Amino acid sequence: SKEGDAYEVPMAVAKMSVLVADTFDADEDDDEAEPVKDFPLPNVTSGVLEKVIEFCKHFQEEPMTTIQTPLKSSKLEDLVQQWYADFVKVPKTLLFDLVAAANYMDIKPLLDLTCLAVSILIKGKSAAELRSMFNLSDELSHEEEAQMAQGNQQFADR
Amino acid sequence: MSIRATKRVKLHDNKNVSDRKQKSFGLDLPQSNILASLPEDLVCRVTNFLDARTLVAFGATCRSFHDLSQKNAAGWDNLCEVLWRSKVHVCAAARAHPSRKESYLRSIRDAQTRQSITIDELCYDIETRRGTIWSFRFKESAGDEWTNLDPWYYGQPCRKMVFLKDGTVQEFSGNTNRDNSNDSHDRMSAAPQLAPPLFDFGFERLAADNHPVPFLAAHGREGPRVRVGNDAVENLIDRPVNMTWRFLSRPMDLPPRPNGSYLRFNVGGRDVPTYVIRRSPTGNWGFVMESCWGLYGSFELPPQRISSAHQQRS
């Protein structure tokens with residue numbers, strides 16, 4: 001991790017990360033020589049990496065159901081198993097870190113799950129609510145606001 | 001075998017040492033605008049799960065999200081596909097728009113406002129086997145003579161009619177699965193059969209003492225018969241009736257509306273009452289057209305309700 005903490009995980013778990021898998025597949029020949037391989041992840045902090053490993057380990061035991069779109073429900077529990085729904089019930093900042101880590105380490109199911117969780121956070125929120133949620137300053141002119149409000153009108157009767 | 005994730009490259013040496021105690025997660029993102037710090041394709045992954053309303057609200061939060069939310073890849077591709085999947089007629093001009101967001105909005109606006117039909121929406125093309133296959137049934141007000149001959153009144157699917165661009169109307173039999181996709185399976189299926197309708201719709205009476213009614217026979221059921229005197233009218237059942245259609249915008253008895261709002265049939269040389277075209281009230285973006293005697297739907301019309309007066313009578 002970024003802090004220098006080391007985590008030892010089985011190869012099958014580690015290879016859920018395409019980044020890790022690709023690296024090790026590239027130098028297959030010296031697999032036998034080293035019983036333990038190091039893989040540096042300077043961009044991922046320990047707290048996030050722990051969560052990522054937790055996910056990958058659980059995935060080996062209970063693979064996550066594929067997320068079907070369009071979403072049938074806006075409740076995580078209806079879309080993935082309970083364990084995965086609970087897994088992403090974390091503070092917002094950690095969730096976004098998990099998105100970034102899943103992307104960096106190229107772990108597709110984790111990326112799907114975390115992006116879904118973010119989308120559920122913001123679903124149904126108004127622009128003002130979203131702005132305060134993301135700490136965004138109001139960057140739009142009144143003109144643009146009006147234009148968008150007009151666009152929103154069209155969803156009123158669908 | 002196992003691997004270890006260790007730090008081999010330090011990026012933020014000084015900061016990390018102090019941060020570690022506080023258990024700060026992840027990248028050192030600024031707390032403000034946390035989502036915008038993600039690369040665009042990741043934000044798109046998130047927005048692709050959103051409904052249209054939230055996606056627009058999301059686009060109203062800040063300039064960079066506004067720009068992103070206009071893009072097809074932000075979710076509009078999917079939203080269009082899902083929205084249109086269950087719709088009968090999606091405005092061709094809206095569909096052709098390069099921006100999927102515009103396509104989405106325009107197609108909704110079109111369905112809400114346009115009550116007239118285009119010739120392409122009305123017609124069926126024999127060559128390509130594309131176009132609209134209409135369901136037809138008589139209204140009860142047409143009277144027993146007609147409803148007794150209508151399979152819909154026996155719990156069966158409506159008769160299928162198609163309008164050709166040459167102005168003729170033909171009865172359609174064959175696979176009515178809509179061929180909107182380029183599904184080769186559909187194309188391999190038996191060619192649909194088109195024929196002038198075997199029933200006239202208003203003036204000549206049918207009799208079939210010795211002939212089963214063709215469409216009911218085709219459904220494995222012996223049809224009802226209509227006796228009309230003893231004259232040699234029985235051959236009428238086998239005689240196709242020429243039927244043509246034309247658009248009308250200023251019928252004598254109804255307010256003027258744009259072309260494609262009224263349709264007039266000529267059956268066996270005579271006009272029958274004007275059909276009024278409008279969008280289906282069911283919200284499926286289909287069209288219905290009705291006169292005092294008949295009802296057409298550009299989609300499969302729902303089956304007869306059990307409680308209808310006709311059923312009670314019989």
# chains A, B, ... in the order shown; residues from 1 in each chain; ligands from 1

call {"tool": "select_by_dssp", "arguments": {"residues": "region 18-122 of chain A", "states": "strand (DSSP E)", "output": "list in words"}}
result
Val36, Lys37, Asp38, Phe39 and Pro40 of chain A

call {"tool": "write_last_selection", "arguments": {"atoms": "all heavy atoms", "output": "tab-separated table (two decimals), in the first residue's frame"}}
result
chain	number	residue	atom	x	y	z
A	36	VAL	N	6.74	-16.05	-2.77
A	36	VAL	CA	5.96	-14.85	-2.45
A	36	VAL	C	6.40	-13.72	-3.37
A	36	VAL	O	7.59	-13.46	-3.51
A	36	VAL	CB	6.15	-14.43	-0.98
A	36	VAL	CG1	5.38	-13.15	-0.71
A	36	VAL	CG2	5.70	-15.54	-0.05
A	37	LYS	N	5.43	-13.15	-4.01
A	37	LYS	CA	5.76	-12.06	-4.92
A	37	LYS	C	5.31	-10.74	-4.31
A	37	LYS	O	4.26	-10.67	-3.67
A	37	LYS	CB	5.06	-12.26	-6.27
A	37	LYS	CG	5.61	-13.40	-7.04
A	37	LYS	CD	5.08	-13.40	-8.45
A	37	LYS	CE	5.73	-14.53	-9.24
A	37	LYS	NZ	6.62	-14.04	-10.25
A	38	ASP	N	6.06	-9.75	-4.58
A	38	ASP	CA	5.67	-8.42	-4.12
A	38	ASP	C	4.99	-7.68	-5.25
A	38	ASP	O	5.40	-7.79	-6.41
A	38	ASP	CB	6.90	-7.62	-3.69
A	38	ASP	CG	7.33	-8.06	-2.30
A	38	ASP	OD1	6.59	-8.84	-1.68
A	38	ASP	OD2	8.41	-7.62	-1.88
A	39	PHE	N	3.97	-6.97	-4.89
A	39	PHE	CA	3.35	-6.10	-5.88
A	39	PHE	C	3.10	-4.74	-5.27
A	39	PHE	O	2.31	-4.61	-4.34
A	39	PHE	CB	2.05	-6.69	-6.40
A	39	PHE	CG	1.54	-5.97	-7.61
A	39	PHE	CD1	1.98	-6.34	-8.86
A	39	PHE	CD2	0.66	-4.90	-7.49
A	39	PHE	CE1	1.54	-5.66	-9.99
A	39	PHE	CE2	0.22	-4.22	-8.61
A	39	PHE	CZ	0.67	-4.60	-9.87
A	40	PRO	N	3.79	-3.75	-5.76
A	40	PRO	CA	3.63	-2.43	-5.15
A	40	PRO	C	2.35	-1.74	-5.62
A	40	PRO	O	2.01	-1.78	-6.79
A	40	PRO	CB	4.86	-1.67	-5.65
A	40	PRO	CG	5.19	-2.32	-6.95
A	40	PRO	CD	4.72	-3.74	-6.89

call {"tool": "closest_atom_pairs", "arguments": {"of": "chain A", "to": "chain B", "cutoff": "6 Å", "atoms": "only C-alpha atoms", "output": "CSV"}}
result
residue,atom,partner,partner_atom,distance
A:Ser1,CA,B:Lys7,CA,5.1
A:Lys2,CA,B:Lys7,CA,5.6
A:Gly4,CA,B:Lys7,CA,4.3
A:Asp5,CA,B:Thr6,CA,5.9
A:Ala6,CA,B:Thr6,CA,4.5
A:Tyr7,CA,B:Arg4,CA,5.3
A:Glu8,CA,B:Arg4,CA,4.6
A:Val9,CA,B:Ser2,CA,5.5
A:Pro10,CA,B:Ser2,CA,4.4
A:Met11,CA,B:Ser2,CA,4.8
A:Pro35,CA,B:Met1,CA,5.3
A:Val36,CA,B:Ile3,CA,5.0
A:Lys37,CA,B:Ile3,CA,4.2
A:Asp38,CA,B:Arg4,CA,4.5
A:Phe39,CA,B:Ala5,CA,4.6
A:Pro40,CA,B:Thr6,CA,4.8
A:Pro42,CA,B:Lys7,CA,5.5
A:Val44,CA,B:Gly26,CA,5.7
A:Thr45,CA,B:Gly26,CA,4.9
A:Gly47,CA,B:Phe25,CA,5.6
A:Val48,CA,B:Gly26,CA,5.8
A:Leu94,CA,B:Phe25,CA,6.0
A:Asp97,CA,B:Gly26,CA,5.0
A:Cys115,CA,B:Val46,CA,4.7
A:Ser119,CA,B:Val46,CA,5.3
A:Lys123,CA,B:Thr54,CA,5.8
A:Gly124,CA,B:Thr54,CA,5.5
A:Ser126,CA,B:Ala57,CA,5.6
A:Ala127,CA,B:Ala57,CA,4.6
A:Arg131,CA,B:Thr61,CA,5.5
A:Phe134,CA,B:Asn33,CA,5.2
A:Asn135,CA,B:Ser32,CA,5.0
A:Leu136,CA,B:Asn33,CA,5.5
A:Glu139,CA,B:Cys62,CA,5.3

call {"tool": "write_last_selection", "arguments": {"atoms": "N, CA and C atoms", "output": "CSV table (one decimal), in the first residue's frame"}}
result
chain,number,residue,atom,x,y,z
A,1,SER,N,0.8,-1.2,0.0
A,1,SER,CA,0.0,0.0,0.0
A,1,SER,C,0.9,1.2,0.0
A,2,LYS,N,0.2,2.3,0.0
A,2,LYS,CA,0.9,3.6,0.0
A,2,LYS,C,1.7,3.8,1.2
A,4,GLY,N,3.1,1.6,2.9
A,4,GLY,CA,4.2,0.6,3.1
A,4,GLY,C,3.7,-0.7,3.8
A,5,ASP,N,2.4,-0.7,4.2
A,5,ASP,CA,1.9,-2.0,4.8
A,5,ASP,C,1.8,-3.1,3.7
A,6,ALA,N,2.2,-4.3,4.1
A,6,ALA,CA,2.1,-5.4,3.2
A,6,ALA,C,1.0,-6.3,3.6
A,7,TYR,N,0.3,-6.9,2.5
A,7,TYR,CA,-0.8,-7.8,2.8
A,7,TYR,C,-0.5,-9.0,2.0
A,8,GLU,N,-0.6,-10.2,2.6
A,8,GLU,CA,-0.3,-11.4,1.9
A,8,GLU,C,-1.6,-12.1,1.5
A,9,VAL,N,-1.8,-12.3,0.2
A,9,VAL,CA,-3.1,-12.9,-0.2
A,9,VAL,C,-2.8,-14.0,-1.2
A,10,PRO,N,-3.7,-15.0,-1.3
A,10,PRO,CA,-3.5,-16.0,-2.3
A,10,PRO,C,-3.5,-15.5,-3.7
A,11,MET,N,-2.8,-16.1,-4.6
A,11,MET,CA,-2.7,-15.7,-6.0
A,11,MET,C,-4.1,-15.5,-6.6
A,35,PRO,N,8.4,-17.9,-4.0
A,35,PRO,CA,7.1,-18.4,-3.4
A,35,PRO,C,6.2,-17.2,-3.1
A,36,VAL,N,6.7,-16.0,-2.8
A,36,VAL,CA,6.0,-14.9,-2.5
A,36,VAL,C,6.4,-13.7,-3.4
A,37,LYS,N,5.4,-13.1,-4.0
A,37,LYS,CA,5.8,-12.1,-4.9
A,37,LYS,C,5.3,-10.7,-4.3
A,38,ASP,N,6.1,-9.7,-4.6
A,38,ASP,CA,5.7,-8.4,-4.1
A,38,ASP,C,5.0,-7.7,-5.2
A,39,PHE,N,4.0,-7.0,-4.9
A,39,PHE,CA,3.4,-6.1,-5.9
A,39,PHE,C,3.1,-4.7,-5.3
A,40,PRO,N,3.8,-3.7,-5.8
A,40,PRO,CA,3.6,-2.4,-5.1
A,40,PRO,C,2.4,-1.7,-5.6
A,42,PRO,N,1.4,1.8,-4.9
A,42,PRO,CA,1.7,3.0,-4.3
A,42,PRO,C,0.5,4.0,-4.2
A,44,VAL,N,-2.6,3.2,-3.5
A,44,VAL,CA,-3.7,2.7,-2.7
A,44,VAL,C,-3.3,2.7,-1.3
A,45,THR,N,-4.2,3.3,-0.4
A,45,THR,CA,-3.8,3.4,1.0
A,45,THR,C,-4.3,2.0,1.6
A,47,GLY,N,-6.2,1.3,4.2
A,47,GLY,CA,-7.6,1.2,4.5
A,47,GLY,C,-8.4,0.7,3.3
A,48,VAL,N,-8.1,1.3,2.2
A,48,VAL,CA,-8.8,1.0,0.9
A,48,VAL,C,-8.4,-0.4,0.5
A,94,LEU,N,-14.7,7.0,1.4
A,94,LEU,CA,-14.1,5.7,1.2
A,94,LEU,C,-14.7,5.0,-0.1
A,97,ASP,N,-13.0,6.4,-3.0
A,97,ASP,CA,-11.6,5.8,-3.0
A,97,ASP,C,-11.7,4.4,-3.6
A,115,CYS,N,-19.6,1.7,-8.5
A,115,CYS,CA,-20.2,2.8,-9.3
A,115,CYS,C,-21.7,2.7,-9.1
A,119,SER,N,-24.2,5.7,-7.8
A,119,SER,CA,-25.3,6.1,-8.5
A,119,SER,C,-26.6,6.1,-7.7
A,123,LYS,N,-29.1,9.1,-7.0
A,123,LYS,CA,-30.4,8.9,-7.7
A,123,LYS,C,-31.5,9.7,-7.0
A,124,GLY,N,-32.3,10.4,-7.8
A,124,GLY,CA,-33.5,11.1,-7.3
A,124,GLY,C,-33.2,12.4,-6.7
A,126,SER,N,-32.0,16.3,-6.4
A,126,SER,CA,-32.0,17.5,-7.2
A,126,SER,C,-30.6,18.0,-7.4
A,127,ALA,N,-30.5,19.0,-8.3
A,127,ALA,CA,-29.1,19.5,-8.6
A,127,ALA,C,-28.6,20.2,-7.3
A,131,ARG,N,-25.2,19.2,-5.4
A,131,ARG,CA,-24.1,20.2,-5.2
A,131,ARG,C,-23.6,20.2,-3.7
A,134,PHE,N,-21.6,17.0,-3.0
A,134,PHE,CA,-20.3,16.9,-3.5
A,134,PHE,C,-19.4,18.2,-3.2
A,135,ASN,N,-20.0,19.0,-2.4
A,135,ASN,CA,-19.3,20.3,-2.0
A,135,ASN,C,-19.0,21.1,-3.3
A,136,LEU,N,-19.9,21.1,-4.2
A,136,LEU,CA,-19.6,21.9,-5.4
A,136,LEU,C,-20.1,23.3,-5.2
A,139,GLU,N,-21.5,26.8,-10.0
A,139,GLU,CA,-20.7,27.3,-11.2
A,139,GLU,C,-21.6,27.7,-12.4

call {"tool": "atom_distance", "arguments": {"atom1": "CA of Arg270 (chain B)", "atom2": "CA of Leu301 (chain B)"}}
result
26.9 Å

call {"tool": "residues_around", "arguments": {"residues": "Leu110 (chain A)", "least_positions_apart": "2", "cutoff": "12 Å", "atoms": "only C-alpha atoms", "output": "PyMOL selection string"}}
result
chain A and resi 16-18+51-59+63-67+80+84-85+87-88+95-108+112-117

call {"tool": "write_last_selection", "arguments": {"atoms": "N, CA and C atoms", "output": "short mmCIF file (atom, residue, chain, number, x, y, z; two decimals), in the first residue's frame"}}
result
data_model
loop_
_atom_site.label_atom_id
_atom_site.label_comp_id
_atom_site.auth_asym_id
_atom_site.auth_seq_id
_atom_site.Cartn_x
_atom_site.Cartn_y
_atom_site.Cartn_z
N MET A 16 -7.67 -11.30 -9.24
CA MET A 16 -8.92 -10.64 -9.61
C MET A 16 -8.63 -9.24 -10.13
N SER A 17 -7.49 -8.73 -9.71
CA SER A 17 -7.05 -7.46 -10.26
C SER A 17 -6.33 -7.72 -11.57
N VAL A 18 -6.88 -7.19 -12.65
CA VAL A 18 -6.27 -7.41 -13.96
C VAL A 18 -4.88 -6.79 -13.99
N LYS A 51 -10.10 -3.15 2.26
CA LYS A 51 -11.46 -3.36 1.74
C LYS A 51 -11.43 -4.12 0.41
N VAL A 52 -10.48 -3.73 -0.44
CA VAL A 52 -10.38 -4.37 -1.75
C VAL A 52 -10.11 -5.87 -1.58
N ILE A 53 -9.19 -6.18 -0.68
CA ILE A 53 -8.84 -7.59 -0.46
C ILE A 53 -10.04 -8.34 0.13
N GLU A 54 -10.73 -7.67 1.06
CA GLU A 54 -11.93 -8.26 1.65
C GLU A 54 -12.92 -8.63 0.55
N PHE A 55 -13.10 -7.72 -0.39
CA PHE A 55 -14.02 -7.95 -1.51
C PHE A 55 -13.55 -9.15 -2.33
N CYS A 56 -12.27 -9.13 -2.70
CA CYS A 56 -11.75 -10.18 -3.58
C CYS A 56 -11.84 -11.54 -2.92
N LYS A 57 -11.59 -11.57 -1.60
CA LYS A 57 -11.66 -12.85 -0.88
C LYS A 57 -13.09 -13.36 -0.87
N HIS A 58 -14.02 -12.45 -0.57
CA HIS A 58 -15.41 -12.89 -0.51
C HIS A 58 -15.90 -13.33 -1.89
N PHE A 59 -15.39 -12.66 -2.89
CA PHE A 59 -15.81 -12.98 -4.26
C PHE A 59 -15.46 -14.42 -4.63
N PRO A 63 -19.43 -15.49 -5.64
CA PRO A 63 -19.32 -14.49 -6.72
C PRO A 63 -20.54 -13.58 -6.74
N MET A 64 -20.30 -12.34 -7.03
CA MET A 64 -21.39 -11.36 -7.04
C MET A 64 -22.27 -11.59 -8.26
N THR A 65 -23.56 -11.46 -8.09
CA THR A 65 -24.45 -11.56 -9.24
C THR A 65 -24.18 -10.39 -10.18
N THR A 66 -24.28 -10.64 -11.45
CA THR A 66 -24.07 -9.57 -12.42
C THR A 66 -25.19 -8.54 -12.28
N ILE A 67 -24.81 -7.29 -12.34
CA ILE A 67 -25.81 -6.23 -12.18
C ILE A 67 -26.56 -6.07 -13.49
N VAL A 80 -27.84 -6.91 -5.78
CA VAL A 80 -26.72 -7.82 -5.49
C VAL A 80 -27.00 -8.51 -4.15
N TYR A 84 -22.67 -7.97 -0.45
CA TYR A 84 -22.14 -6.89 -1.29
C TYR A 84 -22.85 -5.57 -1.02
N ALA A 85 -24.14 -5.67 -0.73
CA ALA A 85 -24.88 -4.45 -0.39
C ALA A 85 -24.30 -3.84 0.89
N PHE A 87 -21.30 -4.32 1.97
CA PHE A 87 -19.89 -3.98 1.74
C PHE A 87 -19.71 -2.52 1.34
N VAL A 88 -20.64 -1.99 0.56
CA VAL A 88 -20.49 -0.61 0.10
C VAL A 88 -21.23 0.39 0.97
N LEU A 95 -16.01 5.25 -0.30
CA LEU A 95 -16.64 4.69 -1.49
C LEU A 95 -15.96 5.21 -2.76
N PHE A 96 -15.72 6.51 -2.80
CA PHE A 96 -15.07 7.07 -3.99
C PHE A 96 -13.65 6.55 -4.13
N ASP A 97 -12.97 6.37 -3.00
CA ASP A 97 -11.62 5.79 -3.04
C ASP A 97 -11.67 4.38 -3.60
N LEU A 98 -12.73 3.65 -3.24
CA LEU A 98 -12.85 2.28 -3.74
C LEU A 98 -13.08 2.28 -5.25
N VAL A 99 -13.85 3.24 -5.72
CA VAL A 99 -14.04 3.36 -7.17
C VAL A 99 -12.70 3.56 -7.85
N ALA A 100 -11.93 4.51 -7.31
CA ALA A 100 -10.64 4.82 -7.92
C ALA A 100 -9.70 3.62 -7.84
N ALA A 101 -9.70 2.94 -6.69
CA ALA A 101 -8.82 1.78 -6.53
C ALA A 101 -9.24 0.65 -7.46
N ALA A 102 -10.54 0.40 -7.55
CA ALA A 102 -11.03 -0.67 -8.42
C ALA A 102 -10.66 -0.38 -9.87
N ASN A 103 -10.71 0.89 -10.20
CA ASN A 103 -10.34 1.28 -11.57
C ASN A 103 -8.85 1.09 -11.80
N TYR A 104 -8.06 1.57 -10.83
CA TYR A 104 -6.60 1.48 -10.95
C TYR A 104 -6.15 0.03 -10.99
N MET A 105 -6.69 -0.77 -10.10
CA MET A 105 -6.29 -2.18 -10.05
C MET A 105 -7.04 -3.03 -11.06
N ASP A 106 -8.02 -2.41 -11.72
CA ASP A 106 -8.77 -3.08 -12.78
C ASP A 106 -9.48 -4.34 -12.26
N ILE A 107 -10.40 -4.10 -11.33
CA ILE A 107 -11.21 -5.19 -10.78
C ILE A 107 -12.65 -4.89 -11.16
N LYS A 108 -13.11 -5.51 -12.24
CA LYS A 108 -14.38 -5.09 -12.82
C LYS A 108 -15.57 -5.25 -11.88
N ASP A 112 -17.97 -2.20 -10.87
CA ASP A 112 -19.43 -2.19 -11.11
C ASP A 112 -20.18 -1.90 -9.82
N LEU A 113 -19.81 -2.62 -8.77
CA LEU A 113 -20.53 -2.49 -7.50
C LEU A 113 -20.40 -1.08 -6.93
N THR A 114 -19.18 -0.56 -6.93
CA THR A 114 -18.99 0.75 -6.31
C THR A 114 -19.64 1.86 -7.13
N CYS A 115 -19.56 1.75 -8.47
CA CYS A 115 -20.23 2.75 -9.30
C CYS A 115 -21.74 2.69 -9.11
N LEU A 116 -22.24 1.48 -8.99
CA LEU A 116 -23.68 1.33 -8.72
C LEU A 116 -24.04 1.99 -7.40
N ALA A 117 -23.20 1.77 -6.39
CA ALA A 117 -23.48 2.34 -5.07
C ALA A 117 -23.48 3.87 -5.14
#
